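Engineer: Below is run-v7.cif; it holds mmCIF, C-alpha atoms.
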data_run
#
loop_
_atom_site.group_PDB
_atom_site.id
_atom_site.type_symbol
_atom_site.label_atom_id
_atom_site.label_comp_id
_atom_site.auth_asym_id
_atom_site.auth_seq_id
_atom_site.Cartn_x
_atom_site.Cartn_y
_atom_site.Cartn_z
ATOM 1 C CA MET A 275 94.086 174.120 120.011
ATOM 2 C CA GLU A 276 94.204 172.643 123.488
ATOM 3 C CA GLU A 277 93.380 169.170 122.098
ATOM 4 C CA THR A 278 96.371 169.467 119.723
ATOM 5 C CA ASN A 279 98.655 170.456 122.572
ATOM 6 C CA VAL A 280 97.456 167.521 124.685
ATOM 7 C CA LYS A 281 98.209 165.108 121.849
ATOM 8 C CA ALA A 282 101.650 166.668 121.404
ATOM 9 C CA ASP A 283 102.356 166.352 125.119
ATOM 10 C CA MET A 284 101.304 162.697 125.080
ATOM 11 C CA LYS A 285 103.664 161.991 122.188
ATOM 12 C CA THR A 286 106.604 163.737 123.786
ATOM 13 C CA GLN A 287 106.063 161.857 127.033
ATOM 14 C CA SER A 288 105.933 158.459 125.327
ATOM 15 C CA ASP A 289 108.927 156.399 124.340
ATOM 16 C CA PRO A 290 109.630 156.856 120.575
ATOM 17 C CA ASP A 291 110.232 153.102 120.259
ATOM 18 C CA GLU A 292 106.939 152.252 121.987
ATOM 19 C CA ILE A 293 103.756 151.636 119.955
ATOM 20 C CA ASN A 294 100.852 153.737 121.177
ATOM 21 C CA LEU A 295 97.817 151.510 120.694
ATOM 22 C CA LEU A 296 95.454 154.390 121.455
ATOM 23 C CA GLU A 297 96.602 156.133 118.278
ATOM 24 C CA TYR A 298 95.640 153.113 116.177
ATOM 25 C CA PHE A 299 92.362 152.723 118.046
ATOM 26 C CA TYR A 300 91.602 156.367 117.395
ATOM 27 C CA ALA A 301 92.380 155.899 113.690
ATOM 28 C CA LEU A 302 89.954 152.964 113.525
ATOM 29 C CA VAL A 303 87.199 154.838 115.366
ATOM 30 C CA LYS A 304 87.742 157.867 113.141
ATOM 31 C CA ASN A 305 87.157 155.683 110.058
ATOM 32 C CA LYS A 306 84.330 153.645 111.615
ATOM 33 C CA TRP A 307 81.815 154.478 108.872
ATOM 34 C CA LEU A 308 84.252 153.362 106.189
ATOM 35 C CA ILE A 309 84.770 150.055 108.033
ATOM 36 C CA ILE A 310 81.035 149.552 108.573
ATOM 37 C CA GLY A 311 80.179 150.518 104.990
ATOM 38 C CA LEU A 312 82.724 148.171 103.395
ATOM 39 C CA THR A 313 81.715 145.331 105.759
ATOM 40 C CA ILE A 314 78.083 145.713 104.709
ATOM 41 C CA LEU A 315 79.216 145.886 101.088
ATOM 42 C CA GLY A 316 81.087 142.610 101.561
ATOM 43 C CA PHE A 317 78.019 140.984 103.111
ATOM 44 C CA VAL A 318 75.819 142.099 100.219
ATOM 45 C CA GLY A 319 78.448 141.028 97.679
ATOM 46 C CA GLY A 320 78.684 137.580 99.273
ATOM 47 C CA TYR A 321 74.903 137.215 99.218
ATOM 48 C CA ILE A 322 74.728 138.228 95.552
ATOM 49 C CA THR A 323 77.577 135.833 94.687
ATOM 50 C CA ALA A 324 75.773 132.973 96.457
ATOM 51 C CA LYS A 325 72.606 133.761 94.518
ATOM 52 C CA ILE A 326 74.460 133.893 91.189
ATOM 53 C CA ILE A 327 76.224 130.574 91.815
ATOM 54 C CA GLY A 328 72.935 129.091 92.962
ATOM 55 C CA PRO A 329 72.193 126.070 95.149
ATOM 56 C CA LYS A 330 73.365 122.518 94.781
ATOM 57 C CA TYR A 331 70.972 119.604 94.599
ATOM 58 C CA ILE A 332 71.770 116.616 96.783
ATOM 59 C CA ALA A 333 70.262 113.227 96.052
ATOM 60 C CA ASN A 334 70.770 110.675 98.795
ATOM 61 C CA ALA A 335 69.621 107.206 99.753
ATOM 62 C CA ILE A 336 70.161 104.983 102.785
ATOM 63 C CA ILE A 337 70.978 101.311 102.297
ATOM 64 C CA ALA A 338 71.678 98.364 104.593
ATOM 65 C CA PRO A 339 73.351 95.024 103.828
ATOM 66 C CA ARG A 340 71.360 91.820 103.664
ATOM 67 C CA GLU A 341 73.125 89.558 106.123
ATOM 68 C CA SER A 342 72.787 85.785 106.286
ATOM 69 C CA GLU A 343 72.461 84.375 109.801
ATOM 70 C CA SER A 344 70.924 80.919 109.575
ATOM 71 C CA VAL A 345 73.984 78.938 108.509
ATOM 72 C CA ARG A 346 77.396 79.403 110.053
ATOM 73 C CA THR A 347 80.564 78.390 108.297
ATOM 74 C CA PRO A 348 81.502 74.978 109.716
ATOM 75 C CA ASP A 349 84.828 74.519 111.497
ATOM 76 C CA MET A 350 87.122 72.359 109.329
ATOM 77 C CA SER A 351 90.224 72.763 111.490
ATOM 78 C CA GLY A 352 89.798 69.357 113.140
ATOM 79 C CA LEU A 353 89.716 67.425 109.863
ATOM 80 C CA GLY A 354 93.395 67.649 109.121
ATOM 81 C CA MET A 355 95.071 68.415 105.844
ATOM 82 C CA PHE A 356 92.046 67.653 103.660
ATOM 83 C CA GLY A 357 89.823 70.074 105.576
ATOM 84 C CA GLY A 358 92.451 72.802 105.293
ATOM 85 C CA MET A 359 92.811 72.168 101.580
ATOM 86 C CA VAL A 360 89.058 72.442 101.060
ATOM 87 C CA MET A 361 88.831 75.739 102.925
ATOM 88 C CA SER A 362 91.838 77.207 101.115
ATOM 89 C CA GLN A 363 90.177 76.630 97.724
ATOM 90 C CA LEU A 364 86.988 78.486 98.606
ATOM 91 C CA LYS A 365 86.522 82.100 97.560
ATOM 92 C CA VAL A 366 85.777 84.125 100.658
ATOM 93 C CA GLY A 367 83.361 86.863 99.754
ATOM 94 C CA GLY A 368 80.114 86.494 101.571
ATOM 95 C CA ASN A 369 77.170 88.787 101.274
ATOM 96 C CA ALA A 370 77.364 92.545 100.829
ATOM 97 C CA SER A 371 78.672 93.932 104.110
ATOM 98 C CA LEU A 372 79.071 97.690 104.565
ATOM 99 C CA ASP A 373 82.836 97.354 104.265
ATOM 100 C CA LYS A 374 82.475 95.467 100.994
ATOM 101 C CA ILE A 375 80.028 98.044 99.601
ATOM 102 C CA ASP A 376 82.393 100.840 100.660
ATOM 103 C CA MET A 377 85.318 99.101 98.966
ATOM 104 C CA ILE A 378 83.329 98.586 95.746
ATOM 105 C CA LEU A 379 82.240 102.236 95.600
ATOM 106 C CA ASP A 380 85.868 103.287 96.014
ATOM 107 C CA SER A 381 86.957 101.034 93.158
ATOM 108 C CA ARG A 382 87.962 102.853 89.978
ATOM 109 C CA SER A 383 87.071 99.791 87.886
ATOM 110 C CA PHE A 384 83.534 99.668 89.340
ATOM 111 C CA ASN A 385 82.966 103.353 88.589
ATOM 112 C CA ALA A 386 84.335 102.885 85.071
ATOM 113 C CA GLU A 387 81.923 99.973 84.468
ATOM 114 C CA LEU A 388 79.093 102.069 85.889
ATOM 115 C CA VAL A 389 79.790 104.902 83.451
ATOM 116 C CA GLU A 390 79.979 102.486 80.526
ATOM 117 C CA LYS A 391 76.942 100.327 81.347
ATOM 118 C CA LYS A 392 74.695 103.216 82.385
ATOM 119 C CA GLU A 393 75.964 105.594 79.651
ATOM 120 C CA LEU A 394 76.683 108.445 82.060
ATOM 121 C CA SER A 395 79.313 110.306 80.035
ATOM 122 C CA PRO A 396 76.777 112.642 78.337
ATOM 123 C CA LEU A 397 75.476 113.607 81.781
ATOM 124 C CA VAL A 398 78.966 114.453 83.009
ATOM 125 C CA TYR A 399 79.893 116.514 79.917
ATOM 126 C CA PRO A 400 76.513 117.901 78.723
ATOM 127 C CA GLU A 401 78.106 120.930 77.033
ATOM 128 C CA PHE A 402 79.892 118.612 74.566
ATOM 129 C CA TRP A 403 76.945 116.300 73.905
ATOM 130 C CA ASP A 404 74.602 116.853 70.976
ATOM 131 C CA SER A 405 71.288 115.682 72.442
ATOM 132 C CA VAL A 406 69.473 116.134 69.132
ATOM 133 C CA ASN A 407 71.737 113.795 67.148
ATOM 134 C CA ASN A 408 72.832 111.729 70.188
ATOM 135 C CA LYS A 409 76.533 112.124 69.543
ATOM 136 C CA TRP A 410 79.551 114.039 70.789
ATOM 137 C CA ASN A 411 80.559 117.344 69.246
ATOM 138 C CA SER A 412 83.193 116.931 66.574
ATOM 139 C CA ASP A 413 85.782 119.002 68.494
ATOM 140 C CA PHE A 414 85.433 116.967 71.706
ATOM 141 C CA GLU A 415 87.727 114.068 72.516
ATOM 142 C CA VAL A 416 85.711 111.477 74.398
ATOM 143 C CA PRO A 417 87.547 110.572 77.646
ATOM 144 C CA ARG A 418 88.163 107.013 78.719
ATOM 145 C CA PHE A 419 85.559 105.413 80.966
ATOM 146 C CA VAL A 420 88.161 104.972 83.710
ATOM 147 C CA SER A 421 88.788 108.721 83.705
ATOM 148 C CA VAL A 422 85.096 109.601 83.798
ATOM 149 C CA GLY A 423 84.448 107.019 86.522
ATOM 150 C CA GLY A 424 87.257 108.392 88.660
ATOM 151 C CA TYR A 425 86.008 111.933 88.074
ATOM 152 C CA ILE A 426 82.434 111.092 89.159
ATOM 153 C CA LYS A 427 83.654 109.241 92.236
ATOM 154 C CA GLY A 428 85.945 112.047 93.315
ATOM 155 C CA GLU A 429 83.786 115.018 92.376
ATOM 156 C CA PHE A 430 80.175 114.056 93.067
ATOM 157 C CA LEU A 431 79.950 110.844 95.134
ATOM 158 C CA ASP A 432 79.786 111.018 98.908
ATOM 159 C CA LYS A 433 79.168 108.085 101.256
ATOM 160 C CA GLU A 434 79.041 107.639 104.988
ATOM 161 C CA ILE A 435 78.715 104.544 107.155
ATOM 162 C CA ASN A 436 76.233 105.299 109.928
ATOM 163 C CA LYS A 437 76.389 104.020 113.491
ATOM 164 C CA ASN A 438 73.143 102.064 113.097
ATOM 165 C CA GLY A 439 74.672 99.743 110.485
ATOM 166 C CA THR A 440 73.457 101.588 107.399
ATOM 167 C CA MET A 441 75.188 103.617 104.706
ATOM 168 C CA THR A 442 74.145 106.966 103.243
ATOM 169 C CA ILE A 443 75.092 107.460 99.586
ATOM 170 C CA SER A 444 74.820 110.958 98.107
ATOM 171 C CA ILE A 445 75.370 112.716 94.793
ATOM 172 C CA GLU A 446 75.752 116.512 94.768
ATOM 173 C CA ASN A 447 75.479 118.709 91.679
ATOM 174 C CA GLU A 448 74.039 122.014 90.436
ATOM 175 C CA ASP A 449 71.607 120.031 88.252
ATOM 176 C CA SER A 450 68.863 118.217 90.181
ATOM 177 C CA LEU A 451 68.275 115.797 87.299
ATOM 178 C CA PHE A 452 71.964 114.888 87.249
ATOM 179 C CA SER A 453 71.978 114.130 90.989
ATOM 180 C CA TYR A 454 68.858 111.964 90.763
ATOM 181 C CA LYS A 455 69.884 110.033 87.646
ATOM 182 C CA VAL A 456 73.463 109.364 88.736
ATOM 183 C CA LEU A 457 72.491 108.155 92.224
ATOM 184 C CA SER A 458 69.756 105.943 90.757
ATOM 185 C CA ALA A 459 72.346 104.503 88.370
ATOM 186 C CA TYR A 460 74.717 103.879 91.281
ATOM 187 C CA LEU A 461 72.092 101.959 93.253
ATOM 188 C CA GLU A 462 70.947 99.904 90.266
ATOM 189 C CA TYR A 463 74.404 98.943 89.092
ATOM 190 C CA LEU A 464 75.747 98.392 92.612
ATOM 191 C CA ASP A 465 72.935 95.914 93.201
ATOM 192 C CA THR A 466 73.639 94.115 89.915
ATOM 193 C CA PHE A 467 77.400 94.134 90.506
ATOM 194 C CA ILE A 468 77.183 92.649 94.006
ATOM 195 C CA ARG A 469 74.568 90.035 93.093
ATOM 196 C CA GLU A 470 76.586 88.825 90.121
ATOM 197 C CA ASP A 471 79.827 88.816 92.130
ATOM 198 C CA VAL A 472 78.374 86.934 95.112
ATOM 199 C CA GLN A 473 76.453 84.431 92.976
ATOM 200 C CA ARG A 474 79.449 83.776 90.740
ATOM 201 C CA ASP A 475 81.735 83.071 93.703
ATOM 202 C CA ALA A 476 79.085 81.006 95.488
ATOM 203 C CA LYS A 477 78.419 78.895 92.370
ATOM 204 C CA GLU A 478 82.132 78.208 91.890
ATOM 205 C CA ASN A 479 82.453 77.259 95.568
ATOM 206 C CA ARG A 480 79.407 75.002 95.377
ATOM 207 C CA ASP A 481 80.656 73.250 92.240
ATOM 208 C CA TYR A 482 84.060 72.718 93.820
ATOM 209 C CA LEU A 483 82.567 71.330 97.043
ATOM 210 C CA GLU A 484 80.224 68.989 95.174
ATOM 211 C CA ASN A 485 83.181 67.581 93.259
ATOM 212 C CA GLN A 486 85.058 67.049 96.498
ATOM 213 C CA LEU A 487 82.042 65.365 98.050
ATOM 214 C CA ILE A 488 82.012 62.627 95.416
ATOM 215 C CA GLY A 489 85.199 60.982 96.679
ATOM 216 C CA VAL A 490 84.651 61.500 100.414
ATOM 217 C CA ILE A 491 83.651 58.465 102.499
ATOM 218 C CA ASP A 492 84.132 59.783 106.024
ATOM 219 C CA PRO A 493 80.646 60.691 107.342
ATOM 220 C CA LEU A 494 81.884 63.614 109.489
ATOM 221 C CA LEU A 495 83.736 65.167 106.587
ATOM 222 C CA ARG A 496 80.742 64.649 104.291
ATOM 223 C CA THR A 497 78.547 66.434 106.813
ATOM 224 C CA LYS A 498 80.943 69.375 107.012
ATOM 225 C CA ILE A 499 81.176 69.677 103.231
ATOM 226 C CA GLN A 500 77.398 69.484 102.901
ATOM 227 C CA GLU A 501 77.113 72.344 105.397
ATOM 228 C CA LEU A 502 79.515 74.355 103.289
ATOM 229 C CA ILE A 503 77.443 73.620 100.191
ATOM 230 C CA ALA A 504 74.320 74.750 102.049
ATOM 231 C CA LYS A 505 76.122 77.950 103.003
ATOM 232 C CA GLU A 506 76.970 78.721 99.376
ATOM 233 C CA VAL A 507 73.415 77.974 98.256
ATOM 234 C CA GLU A 508 72.146 80.322 100.939
ATOM 235 C CA LYS A 509 74.425 83.079 99.659
ATOM 236 C CA MET A 510 72.914 82.771 96.210
ATOM 237 C CA MET A 511 69.387 82.806 97.590
ATOM 238 C CA VAL A 512 69.970 85.838 99.832
ATOM 239 C CA VAL A 513 71.054 88.041 96.914
ATOM 240 C CA SER A 514 68.764 86.462 94.324
ATOM 241 C CA LYS A 515 66.414 89.466 94.338
ATOM 242 C CA GLU A 516 68.500 92.271 95.811
ATOM 243 C CA ALA A 517 72.008 92.593 97.174
ATOM 244 C CA PHE A 518 71.095 95.111 99.856
ATOM 245 C CA LYS A 519 68.032 96.721 101.381
ATOM 246 C CA ILE A 520 67.124 100.286 100.455
ATOM 247 C CA ILE A 521 65.973 101.805 103.738
ATOM 248 C CA ASP A 522 65.277 105.244 102.237
ATOM 249 C CA PRO A 523 64.886 105.543 98.444
ATOM 250 C CA VAL A 524 66.479 108.304 96.377
ATOM 251 C CA PHE A 525 65.424 111.707 97.631
ATOM 252 C CA THR A 526 66.609 115.011 96.094
ATOM 253 C CA TYR A 527 66.665 118.306 97.948
ATOM 254 C CA LYS A 528 68.092 121.797 97.473
ATOM 255 C CA SER A 529 71.036 122.885 99.591
ATOM 256 C CA PHE A 530 73.122 126.047 99.791
ATOM 257 C CA LYS A 531 75.581 124.499 102.254
ATOM 258 C CA GLU A 532 78.873 126.441 102.081
ATOM 259 C CA LYS A 533 77.241 129.131 99.921
ATOM 260 C CA LYS A 534 75.406 130.276 103.053
ATOM 261 C CA LEU A 535 78.811 131.251 104.407
ATOM 262 C CA PHE A 536 79.602 133.496 101.435
ATOM 263 C CA PRO A 537 78.084 136.680 102.987
ATOM 264 C CA LEU A 538 79.941 136.124 106.271
ATOM 265 C CA VAL A 539 83.231 135.283 104.553
ATOM 266 C CA PHE A 540 83.025 138.265 102.195
ATOM 267 C CA ALA A 541 82.013 140.624 105.027
ATOM 268 C CA PHE A 542 84.812 139.447 107.304
ATOM 269 C CA GLY A 543 87.302 139.620 104.443
ATOM 270 C CA LEU A 544 86.491 143.253 103.606
ATOM 271 C CA PHE A 545 86.391 144.140 107.318
ATOM 272 C CA PHE A 546 89.836 142.646 107.867
ATOM 273 C CA LEU A 547 91.338 144.274 104.762
ATOM 274 C CA THR A 548 89.860 147.685 105.654
ATOM 275 C CA VAL A 549 91.196 147.555 109.206
ATOM 276 C CA LEU A 550 94.587 146.431 107.918
ATOM 277 C CA PHE A 551 94.633 149.274 105.373
ATOM 278 C CA ILE A 552 93.751 151.891 107.996
ATOM 279 C CA VAL A 553 96.398 150.599 110.415
ATOM 280 C CA PHE A 554 99.109 150.584 107.738
ATOM 281 C CA LYS A 555 98.034 153.991 106.458
ATOM 282 C CA HIS A 556 98.213 155.444 109.952
ATOM 283 C CA ALA A 557 101.611 153.856 110.543
ATOM 284 C CA PHE A 558 103.000 155.349 107.326
ATOM 285 C CA VAL A 559 101.350 158.765 107.410
ATOM 286 C CA SER A 560 101.527 159.705 111.097
ATOM 287 C CA GLY A 561 104.432 161.911 112.203
ATOM 288 C CA ASP A 562 107.100 161.652 114.946
ATOM 289 C CA LYS A 563 109.074 158.869 113.308
ATOM 290 C CA THR A 564 112.672 158.138 114.063
ATOM 291 C CA GLU A 565 115.278 157.889 111.340
ATOM 292 C CA GLY A 566 115.255 154.117 111.789
ATOM 293 C CA ASP A 567 111.460 154.045 111.308
ATOM 294 C CA LYS A 568 111.771 156.060 108.096
ATOM 295 C CA VAL A 569 114.411 153.712 106.684
ATOM 296 C CA LEU A 570 112.294 150.699 107.634
ATOM 297 C CA MET A 571 109.189 152.220 105.982
ATOM 298 C CA GLU A 572 111.100 152.800 102.775
ATOM 299 C CA ASP A 573 112.243 149.176 102.836
ATOM 300 C CA ILE A 574 108.639 148.007 103.355
ATOM 301 C CA LYS A 575 107.390 150.108 100.436
ATOM 302 C CA ARG A 576 110.138 148.774 98.219
ATOM 303 C CA GLU A 577 109.344 145.151 99.135
ATOM 304 C CA ILE A 578 105.585 145.662 98.572
ATOM 305 C CA VAL A 579 105.998 147.011 95.035
ATOM 306 C CA LYS A 580 108.793 144.605 94.088
ATOM 307 C CA LEU A 581 107.659 142.123 91.441
ATOM 308 C CA PRO A 582 108.308 138.402 92.030
ATOM 309 C CA PHE A 583 110.592 138.031 89.008
ATOM 310 C CA ARG A 584 112.767 141.046 89.862
ATOM 311 C CA ARG A 585 115.899 140.705 91.903
#
Would you mind giving the structure from this file in structure tokens?
Structural biologist:
Amino acid sequence: MEETNVKADMKTQSDPDEINLLEYFYALVKNKWLIIGLTILGFVGGYITAKIIGPKYIANAIIAPRESESVRTPDMSGLGMFGGMVMSQLKVGGNASLDKIDMILDSRSFNAELVEKKELSPLVYPEFWDSVNNKWNSDFEVPRFVSVGGYIKGEFLDKEINKNGTMTISIENEDSLFSYKVLSAYLEYLDTFIREDVQRDAKENRDYLENQLIGVIDPLLRTKIQELIAKEVEKMMVVSKEAFKIIDPVFTYKSFKEKKLFPLVFAFGLFFLTVLFIVFKHAFVSGDKTEGDKVLMEDIKREIVKLPFRR
């Protein structure tokens, strides 16, 4: 009885427009077991959800470009108009630098060619592929290679240029076989693509320079052109076996990554919602409200239950 009187005295002494934080703290402490129970429930629910979804399998490999250092591109600026004309006709590509590899992997056309040459579509859409008869289900419309290539690049491919001059390429999926096969296909086709591209450009440059060399009499200019020819031959030799070095081969491992956060996120979410519910419940149910508070509460209730399409 005395405790009730004390509470009444405290309320009468306080300003009716002032929020008494102790009341809300008391309401939270009073419902502490509800808060703790629902928080634990959220943690358990997040853990179960993470287990149901399962881990992802990440396949990654580390590569490094094969750089050519023995022959530098000769300076043709002092040979006048003819030297400038020769340099302008050459295709500047060079060997596979990290920037070039990064640009190729970002290319939609490269990813489309990868899907087509390595026949990756059945891996991407296994639920629509009849593995027994090696054909698509009759009710499935086969997407274009460009679409599948863009989907793989955006959904599964991850790459990072490291500070030590290497690049890490990763594929992430729920299926470990998918991650391994797709990354292996990326490395194989990337190597073929770069080698063919570099050798094609170098051969065209070499043929062009050899034709120019036929009509050149000036010994200095002949020397410069011969150096350019040697440079193009070196490009072809550097990528003759492989376009880049594989520092670490394809390695697949299991990872929960963000799924490890599920228990914490679920627990915090239920904790926050429970606290919010208790605070709102106390604000609506507790007595000693002014007429303005009552009108405002009615407005809040009306806005909460109002449907989006009603006016």
Engineer: At most 9 Å is the cut-off: for each residue in segment 441-515 of chain A with any atom that close to an atom of segment 374-386 of chain A, write down the nearest atom pair and the distance in Å rounded to one decimal, counting only C-alpha atoms, chain first then increasing number, as JSON lines.
Structural biologist:
{"residue": "A:Met441", "atom": "CA", "partner": "A:Asp376", "partner_atom": "CA", "distance": 8.7}
{"residue": "A:Tyr460", "atom": "CA", "partner": "A:Asn385", "partner_atom": "CA", "distance": 8.7}
{"residue": "A:Leu464", "atom": "CA", "partner": "A:Leu379", "partner_atom": "CA", "distance": 8.1}
{"residue": "A:Phe467", "atom": "CA", "partner": "A:Phe384", "partner_atom": "CA", "distance": 8.3}
{"residue": "A:Ile468", "atom": "CA", "partner": "A:Ile375", "partner_atom": "CA", "distance": 8.3}
Engineer: Wanna dump the segment 412-444 of chain A-segment 324-335 of chain A contacts at 12 Å for me, each residue with its shortest atom pair and the distance in Å to one decimal, counting only C-alpha atoms, ordered by chain and number, as CSV?
Structural biologist:
residue,atom,partner,partner_atom,distance
A:Phe430,CA,A:Ile332,CA,9.5
A:Leu431,CA,A:Asn334,CA,9.9
A:Asp432,CA,A:Asn334,CA,9.0
A:Lys433,CA,A:Asn334,CA,9.1
A:Glu434,CA,A:Asn334,CA,10.8
A:Thr440,CA,A:Ala335,CA,10.2
A:Met441,CA,A:Ala335,CA,8.3
A:Thr442,CA,A:Ala335,CA,5.7
A:Ile443,CA,A:Asn334,CA,5.4
A:Ser444,CA,A:Asn334,CA,4.1
Engineer: With C-alpha atoms retained, write the just-selected residues as a PDB file, in the coordinates of the input.
Structural biologist:
ATOM      1  CA  PHE A 430      80.175 114.056  93.067  1.00  0.00           C
ATOM      2  CA  LEU A 431      79.950 110.844  95.134  1.00  0.00           C
ATOM      3  CA  ASP A 432      79.786 111.018  98.908  1.00  0.00           C
ATOM      4  CA  LYS A 433      79.168 108.085 101.256  1.00  0.00           C
ATOM      5  CA  GLU A 434      79.041 107.639 104.988  1.00  0.00           C
ATOM      6  CA  THR A 440      73.457 101.588 107.399  1.00  0.00           C
ATOM      7  CA  MET A 441      75.188 103.617 104.706  1.00  0.00           C
ATOM      8  CA  THR A 442      74.145 106.966 103.243  1.00  0.00           C
ATOM      9  CA  ILE A 443      75.092 107.460  99.586  1.00  0.00           C
ATOM     10  CA  SER A 444      74.820 110.958  98.107  1.00  0.00           C
TER      11      SER A 444
END
Engineer: Which is closer to Val539 of chain A than all the others in A:Thr313, A:Thr526, A:Asn485, A:Asn436, using only C-alpha atoms?
Structural biologist: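 Ranking A:Thr313, A:Thr526, A:Asn485, A:Asn436 by distance to Val539 of chain A, first place goes to A:Thr313.
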Engineer: Between atom CA of Lys427 of chain A and atom CA of Thr466 of chain A, what is the distance, to one decimal in Å?
Structural biologist: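 These two atoms are separated by 18.3 Å.
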Engineer: Can you tell me, as a PDB file with C-alpha atoms, in the frame of the given file, what residues are no more than 8 Å from Gly320 of chain A when counting only C-alpha atoms, ignoring any on the same chain fewer than 4 positions away?
Structural biologist:
ATOM      1  CA  GLY A 316      81.087 142.610 101.561  1.00  0.00           C
ATOM      2  CA  ALA A 324      75.773 132.973  96.457  1.00  0.00           C
ATOM      3  CA  PHE A 536      79.602 133.496 101.435  1.00  0.00           C
ATOM      4  CA  PRO A 537      78.084 136.680 102.987  1.00  0.00           C
ATOM      5  CA  LEU A 538      79.941 136.124 106.271  1.00  0.00           C
ATOM      6  CA  VAL A 539      83.231 135.283 104.553  1.00  0.00           C
ATOM      7  CA  PHE A 540      83.025 138.265 102.195  1.00  0.00           C
ATOM      8  CA  ALA A 541      82.013 140.624 105.027  1.00  0.00           C
TER       9      ALA A 541
END
Engineer: So the first atom is atom CA of Phe546 of chain A and the second is atom CA of Ile309 of chain A; what is the distance between them in Å, to one decimal place?
Structural biologist: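 Computed distance, atom CA of Phe546 of chain A to atom CA of Ile309 of chain A, equals 9.0 Å.
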Engineer: Quick one: everything within 12 Å of Val549 of chain A, counting only C-alpha atoms, minus sequence neighbours fewer than 4 positions away in the same chain. Send it as a list of chain:residue names.
Structural biologist: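 Skipping anything fewer than 4 positions along the chain leaves A:Tyr298, A:Phe299, A:Ala301, A:Leu302, A:Val303, A:Lys304, A:Asn305, A:Lys306, A:Trp307, A:Leu308, A:Ile309, A:Ile310, A:Leu312, A:Thr313, A:Phe542, A:Gly543, A:Leu544, A:Phe545, A:Val553, A:Phe554, A:Lys555, A:His556.
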Engineer: With C-alpha atoms retained, write the just-selected residues as a PDB file, in the coordinates of the input.
Structural biologist:
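Listing of again_1.pdb after writing:
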ATOM      1  CA  TYR A 298      95.640 153.113 116.177  1.00  0.00           C
ATOM      2  CA  PHE A 299      92.362 152.723 118.046  1.00  0.00           C
ATOM      3  CA  ALA A 301      92.380 155.899 113.690  1.00  0.00           C
ATOM      4  CA  LEU A 302      89.954 152.964 113.525  1.00  0.00           C
ATOM      5  CA  VAL A 303      87.199 154.838 115.366  1.00  0.00           C
ATOM      6  CA  LYS A 304      87.742 157.867 113.141  1.00  0.00           C
ATOM      7  CA  ASN A 305      87.157 155.683 110.058  1.00  0.00           C
ATOM      8  CA  LYS A 306      84.330 153.645 111.615  1.00  0.00           C
ATOM      9  CA  TRP A 307      81.815 154.478 108.872  1.00  0.00           C
ATOM     10  CA  LEU A 308      84.252 153.362 106.189  1.00  0.00           C
ATOM     11  CA  ILE A 309      84.770 150.055 108.033  1.00  0.00           C
ATOM     12  CA  ILE A 310      81.035 149.552 108.573  1.00  0.00           C
ATOM     13  CA  LEU A 312      82.724 148.171 103.395  1.00  0.00           C
ATOM     14  CA  THR A 313      81.715 145.331 105.759  1.00  0.00           C
ATOM     15  CA  PHE A 542      84.812 139.447 107.304  1.00  0.00           C
ATOM     16  CA  GLY A 543      87.302 139.620 104.443  1.00  0.00           C
ATOM     17  CA  LEU A 544      86.491 143.253 103.606  1.00  0.00           C
ATOM     18  CA  PHE A 545      86.391 144.140 107.318  1.00  0.00           C
ATOM     19  CA  VAL A 553      96.398 150.599 110.415  1.00  0.00           C
ATOM     20  CA  PHE A 554      99.109 150.584 107.738  1.00  0.00           C
ATOM     21  CA  LYS A 555      98.034 153.991 106.458  1.00  0.00           C
ATOM     22  CA  HIS A 556      98.213 155.444 109.952  1.00  0.00           C
TER      23      HIS A 556
END
Engineer: What is the distance between atom CA of Gln500 of chain A and atom CA of Val512 of chain A, in Å to one decimal?
Structural biologist: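 Spanning atom CA of Gln500 of chain A to atom CA of Val512 of chain A is a straight-line distance of 18.2 Å.
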